[in-house]
Structures are given as C-alpha cells and as structure tokens.
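Shown next, in structure tokens, is the structure this report addresses.
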Amino acid sequence: MRRRFLLKAGLAGALSFGPRQYLKAKSDSGTSGKGSFSMDGHRLGFYHSEIKESFNIMMISDTHLFMNDEREEPFRQYSGRMAGAYNKTQHFQTGIDTHPEECFSRSLSLAKENGVDLIALIGDIFSFPAEAAIEWVTGKLRETGIPFIYTSGNHDWHYEGMTGSMESLRQEWISKRLLPMYQGEHPLMSTREIKGVLFVAIDNSYYEIVPEQLTYLNQAIATGKPVVLMCHIPMYMPGRGLGYGCGHPGWSAASDRNYELERREPWRQDGHTETTMLFHKTLFDAPNVIGVLSGHVHRYSLDVFKGIPQITADANAKGARLDVAFDPFPQ
Ligand SMILES: [Fe+2]
C-alpha cells in the first residue's frame with residue numbers, strides 16, 4: 001500500500017528536500033532568527049527576522065462536510081452517524097444558524113478577499129470520504145485559483161465499523177477517494193514554501209507519526225528556514241487533555257474512551273511509539289520552528305511549549321478559521 005502511495009501520489013512531495021538541497025539551503029541562511037507572535041481571536045500574526053516580505057494564509061479545519069449522493073448507498077452503515085453529526089451549526093461569531101457547506105464557501109470567499117497566498121486544509125474537512133463531497137470541495141478550491149495544501153483528520157478517511165487497522169484503513173480510503181485533494185503529493189507529508197517560510201503538513205490523523213514523517217520533519221528543520229508545522233491532531237501540551245494527543249504521555253488503549261462509539265480499533269496498548277514521542281521532541285527543540293497550527297478540538301486555544309506557540313482553530317463547520325499574517329520582525 002505504501003508503494004501505491006508513492007506510485008500514485010508521486011515522490012515529489014515526499015522527497016522535495018533532498019540532502020543536497022537542504023545543505024545548500026542551510027548554508028544560505030542557517031540562522032534561527034528572532035521573532036514574535038500575536039493572537040487576536042481568529043487572527044494570528046507571526047513576525048520573524050527571516051521573513052522579508054509580508055503575506056497571509058488561511059487555515060481551515062473541521063468543516064465536517066457530510067454531503068453525499070447515491071454512490072454512498074453501500075456505505076451508509078459506515079457513514080450514518082457522522083452524516084447526521086453537523087447538519088446544522090451556529091456561526092462562531094454571530095450565533096446565527098448556518099451549516100458546513102455555507103461556512104466553507106464563505107471561508108473561501110474571504111480567503112480571496114484577503115488575497116491569501118495559501119489555503120491550508122488541516123483535517124476533518126470531510127466527516128467521511130464521500131465522492132460527492134470531495135468533488136464539491138476540489139471544484140470550489142479550483143474556482144478560487146489559490147494554492148492549497150491538505151492533510152487528513154481522523155474523520156476524512158474513516159468509515160466507522162470497517163475492519164482493519166487505522167493505518168491500513170487510512171491508506172485504503174485516501175487512495176480510493178481522497179487522492180485528488182493531494183494534487184499528486186505524498187498524502188502523509190507535504191510542504192509549501194511561501195516567501196521563505198516552509199509550511200509543512202503532516203498527517204497524524206490516528207495520533208501517531210510514522211518514521212518517514214520524522215525524517216521529513218528533520219529535513220525541513222535542517223533547511224534553517226522558518227517552519228510552520230500543520231497537523232490535524234494538536235501536539236501534546238502539559239495541562240491539556242487527550243485531544244492534544246500527538247505525543248501525549250497519557251495516550252493509550254486504557255485512556256481511549258471513544259473507540260466503541262467511533263467503531264475503530266482502540267489506541268495502542270502501550271501508548272505512543274518512540275517515533276511519535278521523538279517527533280514531538282524534535283519539533284519543539286528545533287530553533288527554526290516558529291509555530292504549530294492544528295484543529296480537532298473545535299475551539300481556539302494557544303499554548304507555548306519551549307517558546308513555540310501552538311494554536312488550534314475552532315471548527316470551520318461553524319465558520320471558524322485562522323487568518324494568519326506573516327511579516328518581517330521590526331528591528
Ligand atoms: Fe478531528
């Protein structure tokens with residue numbers, strides 16, 4: 001299956017940081033620089049000495065689209081619960097009744113109005129992988145003409161009650177349905193560089209990191225350029241619950257309360273893999289990681305771990321998003 005990812009999704013995304021390229025980049029810049037960070041509701045600002053030119057991005061997560069058509073008939077037993085989960089929502093600012101499709105469309109219009117250089121779609125855009133929803137989203141994104149990057153959340157590929165490991169089900173349903181969202185790049189890891197800042201999207205949708213993703217992160221860090229990591233499940237933060245579960249020391253089968261409801265295999269018996277724990281350490285020890293953007297918990301939050309801010313976005317199902325500005329650091 002991994003082979004299938006590589007063949008179908010292409011090597012370009014996964015290998016965009018060859019050793020030669022990263023050595024060159026490191027010698028060109030190689031400094032972690034100085035910076036600051038601000039947050040005002042859904043508006044974030046990153047200021048950094050390595051940023052020479054201002055730009056904006058929009059991050060969207062947890063739209064939970066549930067639209068589907070007759071092609072979904074054979075899968076209703078697996079998608080029924082989530083198809084009824086977010087049919088009506090209240091707008092995060094006005095409290096007025098709305099729904100995920102309207103919120104997603106409006107967010108894309110705002111992205112266009114704001115002239116963003118990137119739309120980052122960070123998981124649970126879909127409540128399950130229905131063709132109709134995926135076609136609608138890819139069509140809408142194409143209409144904007146704005147570059148986008150996508151990584152999956154725990155729901156995008158998940159048909160509840162299907163047998164198989166999380167790893168194999170993720171591979172299967174990404175390959176069968178979600179590939180158009182990745183635009184030929186590796187589904188588990190990809191990068192966009194905008195004006196010298198690397199936006200690295202990592203799929204941690206079942207809370208775990210695989211060794212190739214750790215290598216990929218190391219390569220991004222080794223460029224010396226400012227790195228913004230984006231992943232659906234927030235990284236572990238002291239004092240936070242298991243929603244902030246990637247690298248959480250309390251994460252294990254014993255603490256998994258939702259596996260029966262979500263009809264999936266429980267989390268790992270003996271907690272996170274060493275790779276996942278090392279990914280967390282590597283990320284927050286890096287001198288040039290300037291921030292982490294996540295979703296999943298359906299609320300705005302900010303933590304600062306070892307000086308690096310991690311921000312979660314409220315759900316786009318209710319219109320929420322992150323409008324993120326990047327500017328030079330005033331000397
Ligand atoms: Fe999620």
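Identifiers for the structure tokens are assigned positionally: chains receive A, B, ... in sequence, residues are indexed from 1 per chain, and ligands are indexed from 1 in the order shown.
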Where does segment 130-211 of chain A meet segment 80-100 of chain A within 12 Å, residue by residue, with the nearest atom pair and distance in Å to one decimal for each, counting only C-alpha atoms, listed by chain and rising number, as CSV?
residue,atom,partner,partner_atom,distance
A:Ala130,CA,A:Ala83,CA,10.0
A:Ala133,CA,A:Pro100,CA,11.2
A:Val137,CA,A:Pro100,CA,11.6
A:Asn154,CA,A:Met82,CA,11.9
A:His155,CA,A:Met82,CA,8.6
A:Asp156,CA,A:Met82,CA,10.6
A:Trp157,CA,A:Met82,CA,11.9
A:His158,CA,A:Met82,CA,9.8
A:Tyr159,CA,A:Met82,CA,9.2
A:Glu160,CA,A:Arg81,CA,8.3
A:Gly161,CA,A:Gly80,CA,10.7
Which residues sit within 6 Å of ligand 1, counting only C-alpha atoms and all ligand atoms, listed as a PDB file with N, CA and C atoms, in the first residue's frame?
ATOM      1  N   ASP A 124     -10.385  16.815   8.873  1.00  0.00           N
ATOM      2  CA  ASP A 124     -11.820  16.757   9.150  1.00  0.00           C
ATOM      3  C   ASP A 124     -12.585  17.775   8.302  1.00  0.00           C
ATOM      4  N   GLY A 153      -7.717  14.543   8.651  1.00  0.00           N
ATOM      5  CA  GLY A 153      -8.015  14.385  10.069  1.00  0.00           C
ATOM      6  C   GLY A 153      -8.481  12.969  10.338  1.00  0.00           C
ATOM      7  N   ASN A 154      -8.936  12.742  11.555  1.00  0.00           N
ATOM      8  CA  ASN A 154      -9.341  11.385  11.921  1.00  0.00           C
ATOM      9  C   ASN A 154     -10.641  10.954  11.268  1.00  0.00           C
ATOM     10  N   HIS A 296      -9.071  19.864  15.260  1.00  0.00           N
ATOM     11  CA  HIS A 296      -9.530  18.690  16.000  1.00  0.00           C
ATOM     12  C   HIS A 296     -10.325  19.000  17.268  1.00  0.00           C
TER      13      HIS A 296
END
Task: Best match for closeness to Thr63 of chain A among A:Leu217, A:Ile311, A:Ala254, A:Ala317, counting only C-alpha atoms - done: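 Checking each candidate against Thr63 of chain A, we get A:Ala317 as the closest.
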May I have a table of the residues of segment 141-219 of chain A lying at most 12 Å from segment 107-114 of chain A, giving each one's closest pair of atoms and their distance in Å to one decimal, counting only C-alpha atoms, ordered by chain and ascending residue number, as CSV?
residue,atom,partner,partner_atom,distance
A:Leu141,CA,A:Leu108,CA,7.6
A:Arg142,CA,A:Leu108,CA,10.6
A:Glu143,CA,A:Leu108,CA,9.4
A:Thr144,CA,A:Lys112,CA,6.7
A:Gly145,CA,A:Lys112,CA,8.7
A:Ile146,CA,A:Lys112,CA,7.7
A:Pro147,CA,A:Ala111,CA,10.9
A:Phe148,CA,A:Leu108,CA,10.9
Task: Shortest interatomic distance to Gln269 of chain A - which of A:Phe66, A:Ser252, A:Tyr236, A:Leu283, counting only C-alpha atoms - done: A:Ser252
Task: Selected residue, from A:His248, A:Arg76, A:Trp136, A:Gly196, that lies nearest to Glu53 of chain A when counting only C-alpha atoms - done: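 Among the listed residues, A:Gly196 lies closest to Glu53 of chain A.
Between Met166 of chain A and the residues A:Ser205, A:Ser190, A:Asn258, A:Ser36, the shortest atom-to-atom distance, using only C-alpha atoms, involves A:Ser205.
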Task: All strand (DSSP E) positions in segment 127-272 of chain A, as a list in words - done: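 Checking each residue of segment 127-272 of chain A, the strand (DSSP E) ones are Phe148, Ile149, Tyr150, Thr151, Met189, Ser190, Thr191, Arg192, Glu193, Ile194, Val197, Leu198, Phe199, Val200, Ala201, Ile202, Val227, Val228, Leu229 and Met230 of chain A.
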Please save C-alpha atoms of the selected residues as an mmCIF file, in the first residue's frame.
data_model
loop_
_atom_site.group_PDB
_atom_site.id
_atom_site.type_symbol
_atom_site.label_atom_id
_atom_site.label_comp_id
_atom_site.auth_asym_id
_atom_site.auth_seq_id
_atom_site.Cartn_x
_atom_site.Cartn_y
_atom_site.Cartn_z
ATOM 1 C CA PHE A 148 -3.941 24.909 -1.280
ATOM 2 C CA ILE A 149 -2.450 22.163 0.845
ATOM 3 C CA TYR A 150 -4.402 19.404 2.530
ATOM 4 C CA THR A 151 -3.803 16.873 5.236
ATOM 5 C CA MET A 189 3.626 14.730 4.297
ATOM 6 C CA SER A 190 3.959 17.710 2.008
ATOM 7 C CA THR A 191 5.311 21.249 2.023
ATOM 8 C CA ARG A 192 4.602 24.638 0.508
ATOM 9 C CA GLU A 193 7.248 27.344 0.619
ATOM 10 C CA ILE A 194 5.951 30.895 0.608
ATOM 11 C CA VAL A 197 8.627 30.160 5.081
ATOM 12 C CA LEU A 198 8.055 26.396 4.942
ATOM 13 C CA PHE A 199 4.529 25.186 5.637
ATOM 14 C CA VAL A 200 4.850 21.509 6.457
ATOM 15 C CA ALA A 201 1.659 19.432 6.584
ATOM 16 C CA ILE A 202 1.917 16.129 8.429
ATOM 17 C CA VAL A 227 8.990 26.247 9.597
ATOM 18 C CA VAL A 228 5.270 26.229 10.407
ATOM 19 C CA LEU A 229 4.004 22.732 11.144
ATOM 20 C CA MET A 230 0.373 21.970 10.396
#
TODO: Using only C-alpha atoms, determine which residues lie at most 12 Å from Gly41 of chain A, disregarding the query and same-chain residues fewer than 5 positions distant; provide the list as JSON, numbers by chain.
DONE: {"A": [92, 93, 299, 300, 301, 302, 311, 312, 313, 314, 320, 321, 322, 323, 324]}
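For Asn316 of chain A, the residues within 7 Å (counting only C-alpha atoms, excluding itself and residues fewer than 5 positions away along the chain) are Ile60, Ser61, Asp62, Thr63, Cys103, Phe104 and Arg321 of chain A.
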Mind dumping the selected residues with C-alpha atoms as a PDB file, in the first residue's frame?
ATOM      1  CA  ILE A  60      -9.330  25.782   7.790  1.00  0.00           C
ATOM      2  CA  SER A  61     -10.068  22.623   9.776  1.00  0.00           C
ATOM      3  CA  ASP A  62     -13.091  20.624  10.924  1.00  0.00           C
ATOM      4  CA  THR A  63     -15.650  21.664   8.302  1.00  0.00           C
ATOM      5  CA  CYS A 103     -19.317  28.121   6.082  1.00  0.00           C
ATOM      6  CA  PHE A 104     -16.767  26.518   3.768  1.00  0.00           C
ATOM      7  CA  ARG A 321     -10.778  29.544  10.697  1.00  0.00           C
TER       8      ARG A 321
END
Task: Of the listed residues A:Ile51, A:Met59, A:Ala132, A:Ala286, that which approaches Ile221 of chain A most closely, counting only C-alpha atoms - done: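 Using only C-alpha atoms, the shortest distance to Ile221 of chain A belongs to A:Ala286.
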